[in-house]
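Peer 1: What follows is a single structure, and I will ask about it in a moment.
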Amino acid sequence: MPVPILLVTGFLGAGKTTVVNHLLANADGRRIAAVVNDFGAINIDAELIAGASDGVVSLSNGCICCSLEGDLLRTLSTLLRRDPKPDYIVIETSGVADPADIVRNLMDPVILREAPVETVLCVLDAATPPAALDDALQRSQLRVADIVALSKLDLADEGAGLRMREAIRAQRVPAVVVDAKHGEIPSALLFFASDRASAPRDPGPKRPAEERFETLSWTSDQPLSLPRLQQAIGRLAPKLARAKGLFETVEQPGRQMVFQFAAGRATLAPGESPAPGVPRARIVFIAEVGVLSKVELDEVMATCLVPG
Ligand SMILES: Nc1nc2c(ncn2[C@@H]2O[C@H](COP(=O)(O)OP(=O)(O)OP(=O)(O)O)[C@@H](O)[C@H]2O)c(=O)[nH]1
């Protein structure tokens, strides 16, 4: 029996990990393996994903649509050799990935036979203006989608969902559009029992590889001062496309916090206990190439540490 792949795509910070977590929490006995790709050196997403009954494989420091395509195929082969095999494989792409390239890579004859891409889900932040759909990468992510999940409707005004649906229609995206507040999508929609043979997909023309974003990692063995971090993020915000991290604070040492910055919004939430031996602060910053230097980042982030 082939193992269906669910490919989860969407722009930086759109809500992909939130959807994957919800899905895994509602697996209803299905054995689901998750493959997570963060293109920075630190794979924060793998730590934020809990409950994959068949394990989480993290691919970091590159993007599975280009530099890590071989690693992805090898990972899938390993997952398919497991006994028992997973019932489903979920691949969460990085927010900078062009899923058309991944779909093309997954057309490898062996993978296509044993693990066909059953569904491509694109998570779209409904709180962003519909003009965001004019972005070439965003358009590419939508174009291959079978299902578009509108996230963050709770943060948007009442008409946002409707406006986004119209903007999606205007792009001639043939996908089914569903609401996904806090990652909630009926799993029956994503994991349906299908006995039809998956037809090879047409991923469309190959786009020239685009080095548009870069990640900068910052770590420290000291906890961070929360008010100072707020100031630092305020300074960095205009230059950031996305940031996420795990760290202890001076105010609550020993307790790991999850920091998220997406679409100009920063949040902090309590996290799991840190694994032994990891730095007390690990943050990944994503910016358009050339916008933020490591020197500037280090300088600003150093202000979050309390001397002595
Ligand atoms: N209020 C609200 N917040 C959401 C919703 N979905 C996601 N978020 C928040 O948005 C932020 C980014 O969510 P993630 O799920 O990490 O986004 P992502 O697409 O996996 O991010 P990258 O992998 O870095 O591209 C987090 O702070 C989430 O808690 C939602 O429906 N409502």
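Residue numbering restarts at 1 for every chain of the structure tokens, chains are lettered A, B, ... in their displayed order, and ligands are numbered from 1 as they appear.
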Write out as a ChimeraX atom specification which residues come within 12 Å of segment 101-103 of chain A when counting only C-alpha atoms, dropping same-chain ones fewer than 2 positions away.

Peer 2: /A:5-9,37,63-73,91-94,96-99,105-108,111-112,115-120,137,140-141,143-145,200-210

Peer 1: Using only C-alpha atoms and all ligand atoms, which residues of the polymer chains come no farther than 7 Å from ligand 1? I'd like the answer as a VMD selection string.

Peer 2: chain A and resid 10 to 19 38 45 94 to 95 151 to 155 180 to 183 242 244 260 to 262 267

Peer 1: For atom CA of Gln222 of chain A and atom CA of Ile283 of chain A, quote the distance in Å rounded to one decimal.

Peer 2: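 Distance between the two atoms: 12.8 Å.
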
Peer 1: Tell me which of A:Arg31, A:Arg139, A:Lys239, A:Lys294 sits closest to Ala263 of chain A, counting only C-alpha atoms.

Peer 2: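 That would be A:Lys239, the residue with the smallest distance to Ala263 of chain A.
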
Peer 1: Using only C-alpha atoms, pick whichever of A:Ser273, A:Gln171, A:Gln256, A:Thr215 has the shortest atom-to-atom distance to Ser293 of chain A.

Peer 2: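 The closest residue to Ser293 of chain A is A:Thr215.
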
Peer 1: Which residues, written as a PyMOL selection string, have at least one atom at most 6 Å from Ala287 of chain A, with only C-alpha atoms counted and residues fewer than 4 positions away on the same chain left out?

Peer 2: chain A and resi 213-214+240-241

Peer 1: Env of Gln252 of chain A: 12 Å cut, atoms = only C-alpha atoms, seq-sep filter 2 positions within chain, self excluded. Answer as a PDB file with N, CA and C atoms, in the first residue's frame.

Peer 2:
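New file around_32.pdb:
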```pdb
ATOM      1  N   PRO A 223      20.343  33.715  30.182  1.00  0.00           N
ATOM      2  CA  PRO A 223      18.923  34.020  29.950  1.00  0.00           C
ATOM      3  C   PRO A 223      18.755  35.466  29.476  1.00  0.00           C
ATOM      4  N   LEU A 224      17.618  35.781  28.897  1.00  0.00           N
ATOM      5  CA  LEU A 224      17.392  37.122  28.352  1.00  0.00           C
ATOM      6  C   LEU A 224      16.493  37.942  29.270  1.00  0.00           C
ATOM      7  N   SER A 225      16.751  39.240  29.304  1.00  0.00           N
ATOM      8  CA  SER A 225      15.868  40.143  30.051  1.00  0.00           C
ATOM      9  C   SER A 225      14.667  40.451  29.155  1.00  0.00           C
ATOM     10  N   LEU A 226      13.482  40.223  29.675  1.00  0.00           N
ATOM     11  CA  LEU A 226      12.275  40.366  28.860  1.00  0.00           C
ATOM     12  C   LEU A 226      12.042  41.802  28.362  1.00  0.00           C
ATOM     13  N   PHE A 247      13.963  30.279  24.700  1.00  0.00           N
ATOM     14  CA  PHE A 247      14.959  30.800  25.642  1.00  0.00           C
ATOM     15  C   PHE A 247      14.397  30.898  27.049  1.00  0.00           C
ATOM     16  N   GLU A 248      15.346  31.005  27.998  1.00  0.00           N
ATOM     17  CA  GLU A 248      14.957  31.293  29.380  1.00  0.00           C
ATOM     18  C   GLU A 248      15.043  32.795  29.581  1.00  0.00           C
ATOM     19  N   THR A 249      14.269  33.302  30.518  1.00  0.00           N
ATOM     20  CA  THR A 249      14.325  34.738  30.805  1.00  0.00           C
ATOM     21  C   THR A 249      14.937  34.962  32.190  1.00  0.00           C
ATOM     22  N   VAL A 250      15.491  36.160  32.364  1.00  0.00           N
ATOM     23  CA  VAL A 250      16.046  36.547  33.667  1.00  0.00           C
ATOM     24  C   VAL A 250      14.924  36.515  34.701  1.00  0.00           C
ATOM     25  N   GLY A 254      15.107  28.954  34.248  1.00  0.00           N
ATOM     26  CA  GLY A 254      14.757  27.535  34.347  1.00  0.00           C
ATOM     27  C   GLY A 254      13.495  27.186  33.587  1.00  0.00           C
ATOM     28  N   ARG A 255      12.799  28.205  33.085  1.00  0.00           N
ATOM     29  CA  ARG A 255      11.547  27.957  32.374  1.00  0.00           C
ATOM     30  C   ARG A 255      11.728  28.401  30.932  1.00  0.00           C
ATOM     31  N   GLN A 256      11.557  27.485  29.986  1.00  0.00           N
ATOM     32  CA  GLN A 256      11.794  27.850  28.592  1.00  0.00           C
ATOM     33  C   GLN A 256      10.562  28.533  27.993  1.00  0.00           C
ATOM     34  N   MET A 257      10.800  29.629  27.297  1.00  0.00           N
ATOM     35  CA  MET A 257       9.713  30.353  26.636  1.00  0.00           C
ATOM     36  C   MET A 257       9.833  30.171  25.122  1.00  0.00           C
ATOM     37  N   PRO A 270       4.760  29.969  27.231  1.00  0.00           N
ATOM     38  CA  PRO A 270       5.587  28.980  27.927  1.00  0.00           C
ATOM     39  C   PRO A 270       5.838  27.766  27.055  1.00  0.00           C
TER      40      PRO A 270
END
```

Peer 1: May I have the residues within 12 Å of Asp157 of chain A as an mmCIF file with N, CA and C atoms, in the first residue's frame, using only C-alpha atoms and disregarding those fewer than 5 positions away in the same chain?

Peer 2:
```
data_model
loop_
_atom_site.group_PDB
_atom_site.id
_atom_site.type_symbol
_atom_site.label_atom_id
_atom_site.label_comp_id
_atom_site.auth_asym_id
_atom_site.auth_seq_id
_atom_site.Cartn_x
_atom_site.Cartn_y
_atom_site.Cartn_z
ATOM 1 N N ALA A 126 -4.814 34.981 7.061
ATOM 2 C CA ALA A 126 -5.951 35.791 6.615
ATOM 3 C C ALA A 126 -5.887 37.216 7.162
ATOM 4 N N ALA A 127 -4.991 37.447 8.127
ATOM 5 C CA ALA A 127 -4.886 38.795 8.691
ATOM 6 C C ALA A 127 -3.960 39.681 7.864
ATOM 7 N N THR A 128 -3.321 39.120 6.842
ATOM 8 C CA THR A 128 -2.487 39.963 5.982
ATOM 9 C C THR A 128 -3.358 40.527 4.861
ATOM 10 N N PRO A 129 -2.988 41.659 4.294
ATOM 11 C CA PRO A 129 -3.820 42.216 3.221
ATOM 12 C C PRO A 129 -3.798 41.303 1.987
ATOM 13 N N LYS A 152 -5.407 32.521 11.341
ATOM 14 C CA LYS A 152 -5.432 33.812 12.054
ATOM 15 C C LYS A 152 -6.695 34.635 11.787
ATOM 16 N N LEU A 162 -13.572 36.688 3.723
ATOM 17 C CA LEU A 162 -14.256 36.825 2.432
ATOM 18 C C LEU A 162 -13.335 37.509 1.406
ATOM 19 N N ARG A 163 -12.657 38.569 1.855
ATOM 20 C CA ARG A 163 -11.751 39.294 0.945
ATOM 21 C C ARG A 163 -10.629 38.368 0.465
ATOM 22 N N MET A 164 -10.121 37.565 1.388
ATOM 23 C CA MET A 164 -9.030 36.659 1.016
ATOM 24 C C MET A 164 -9.533 35.596 0.038
#
```

Peer 1: Need to verify the contact set: segment 297-300 of chain A, 10 Å, only C-alpha atoms, exclusion of same-chain residues closer than 5 positions in sequence. Can you return it as a PyMOL selection string?

Peer 2: chain A and resi 216-219+228-229+231-233+235-236+285+292

Peer 1: Can you write just those residues out, C-alpha atoms, as a PDB file, in the first residue's frame?

Peer 2:
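Okay, this is what ended up in part-v3.pdb:
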```pdb
ATOM      1  CA  LEU A 216      20.692  34.437  11.049  1.00  0.00           C
ATOM      2  CA  SER A 217      20.968  32.336  14.176  1.00  0.00           C
ATOM      3  CA  TRP A 218      21.686  33.808  17.574  1.00  0.00           C
ATOM      4  CA  THR A 219      22.417  31.784  20.704  1.00  0.00           C
ATOM      5  CA  ARG A 228      15.270  44.439  26.981  1.00  0.00           C
ATOM      6  CA  LEU A 229      14.208  41.802  24.482  1.00  0.00           C
ATOM      7  CA  GLN A 231      13.156  46.823  22.997  1.00  0.00           C
ATOM      8  CA  ALA A 232      15.534  44.798  20.842  1.00  0.00           C
ATOM      9  CA  ILE A 233      12.714  43.262  18.820  1.00  0.00           C
ATOM     10  CA  ARG A 235      14.502  47.844  16.821  1.00  0.00           C
ATOM     11  CA  LEU A 236      14.843  44.777  14.618  1.00  0.00           C
ATOM     12  CA  PHE A 285      15.914  35.528  12.524  1.00  0.00           C
ATOM     13  CA  LEU A 292      20.130  42.664   8.402  1.00  0.00           C
TER      14      LEU A 292
END
```

Peer 1: Pick out each residue of segment 11-180 of chain A that DSSP on the backbone tags as strand (DSSP E or B); I need them as a PyMOL selection string.

Peer 2: chain A and resi 32-38+56-60+88-92+117-125+147-151+176-179

Peer 1: Please save N, CA and C atoms of the selected residues as a compact mmCIF listing (two decimals), in the first residue's frame.

Peer 2:
```
# COMPACT_ATOMS: atom_id res chain seq x y z
N ILE A 32 1.43 8.65 12.02
CA ILE A 32 1.85 9.76 11.15
C ILE A 32 3.31 10.11 11.41
N ALA A 33 4.10 10.10 10.36
CA ALA A 33 5.49 10.54 10.48
C ALA A 33 5.56 11.98 9.96
N ALA A 34 6.31 12.82 10.65
CA ALA A 34 6.41 14.22 10.22
C ALA A 34 7.84 14.54 9.82
N VAL A 35 7.97 15.23 8.71
CA VAL A 35 9.29 15.71 8.27
C VAL A 35 9.20 17.23 8.28
N VAL A 36 10.11 17.86 8.99
CA VAL A 36 10.04 19.31 9.19
C VAL A 36 11.30 19.96 8.65
N ASN A 37 11.13 20.99 7.87
CA ASN A 37 12.29 21.67 7.29
C ASN A 37 12.31 23.14 7.70
N ASP A 38 13.32 23.50 8.48
CA ASP A 38 13.57 24.90 8.80
C ASP A 38 14.85 25.24 8.06
N VAL A 56 9.42 12.62 14.49
CA VAL A 56 9.65 13.83 13.70
C VAL A 56 11.07 13.78 13.17
N VAL A 57 11.24 13.94 11.88
CA VAL A 57 12.58 14.01 11.31
C VAL A 57 12.80 15.47 10.93
N SER A 58 13.90 16.04 11.41
CA SER A 58 14.10 17.44 11.07
C SER A 58 15.22 17.60 10.06
N LEU A 59 14.95 18.38 9.04
CA LEU A 59 15.96 18.69 8.03
C LEU A 59 16.21 20.19 8.14
N SER A 60 17.42 20.56 8.53
CA SER A 60 17.67 21.99 8.71
C SER A 60 18.91 22.42 7.94
N TYR A 88 0.71 7.68 7.13
CA TYR A 88 0.78 8.94 6.40
C TYR A 88 2.12 9.61 6.69
N ILE A 89 2.57 10.40 5.75
CA ILE A 89 3.76 11.22 5.99
C ILE A 89 3.36 12.68 5.77
N VAL A 90 3.65 13.51 6.77
CA VAL A 90 3.40 14.95 6.64
C VAL A 90 4.75 15.64 6.45
N ILE A 91 4.86 16.43 5.42
CA ILE A 91 6.11 17.20 5.22
C ILE A 91 5.77 18.67 5.40
N GLU A 92 6.37 19.30 6.40
CA GLU A 92 6.19 20.75 6.56
C GLU A 92 7.36 21.44 5.90
N VAL A 117 2.38 12.18 -3.45
CA VAL A 117 1.83 13.38 -2.81
C VAL A 117 0.32 13.34 -3.01
N GLU A 118 -0.38 13.15 -1.92
CA GLU A 118 -1.85 13.01 -1.99
C GLU A 118 -2.51 14.40 -1.95
N THR A 119 -2.00 15.23 -1.03
CA THR A 119 -2.62 16.55 -0.83
C THR A 119 -1.54 17.60 -0.60
N VAL A 120 -1.71 18.75 -1.26
CA VAL A 120 -0.85 19.90 -0.94
C VAL A 120 -1.74 20.92 -0.24
N LEU A 121 -1.34 21.25 0.99
CA LEU A 121 -2.11 22.21 1.79
C LEU A 121 -1.30 23.50 1.90
N CYS A 122 -1.92 24.61 1.56
CA CYS A 122 -1.23 25.91 1.70
C CYS A 122 -1.90 26.69 2.83
N VAL A 123 -1.13 27.03 3.85
CA VAL A 123 -1.67 27.82 4.96
C VAL A 123 -1.44 29.29 4.64
N LEU A 124 -2.51 30.07 4.75
CA LEU A 124 -2.46 31.47 4.35
C LEU A 124 -2.96 32.34 5.51
N ASP A 125 -2.15 33.31 5.90
CA ASP A 125 -2.50 34.22 7.01
C ASP A 125 -3.60 35.17 6.53
N ILE A 147 -5.76 22.38 -1.10
CA ILE A 147 -6.55 22.99 -0.03
C ILE A 147 -5.80 24.22 0.46
N VAL A 148 -6.53 25.32 0.62
CA VAL A 148 -5.95 26.52 1.23
C VAL A 148 -6.61 26.69 2.60
N ALA A 149 -5.80 26.76 3.65
CA ALA A 149 -6.33 26.93 5.00
C ALA A 149 -6.09 28.37 5.44
N LEU A 150 -7.16 29.08 5.75
CA LEU A 150 -7.02 30.47 6.20
C LEU A 150 -6.76 30.48 7.71
N SER A 151 -5.57 30.92 8.10
CA SER A 151 -5.22 30.98 9.52
C SER A 151 -5.48 32.38 10.05
N VAL A 176 -9.71 24.11 -2.70
CA VAL A 176 -10.80 24.27 -1.74
C VAL A 176 -10.27 25.17 -0.63
N VAL A 177 -11.04 26.17 -0.21
CA VAL A 177 -10.57 27.08 0.85
C VAL A 177 -11.33 26.79 2.14
N VAL A 178 -10.59 26.56 3.23
CA VAL A 178 -11.24 26.28 4.51
C VAL A 178 -10.69 27.22 5.59
N ASP A 179 -11.49 27.45 6.64
CA ASP A 179 -11.00 28.24 7.78
C ASP A 179 -10.18 27.33 8.68
```

Peer 1: As an exercise, work out the distance from atom CA of Ala50 of chain A to atom CA of Asp221 of chain A in Å and give it to one decimal place.

Peer 2: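 Between atom CA of Ala50 of chain A and atom CA of Asp221 of chain A the gap is 24.9 Å.
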
Peer 1: Between atom CA of Val20 of chain A and atom CA of Gly55 of chain A, what distance in Å does the model show, to one decimal?

Peer 2: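 Going from atom CA of Val20 of chain A over to atom CA of Gly55 of chain A covers 12.9 Å.
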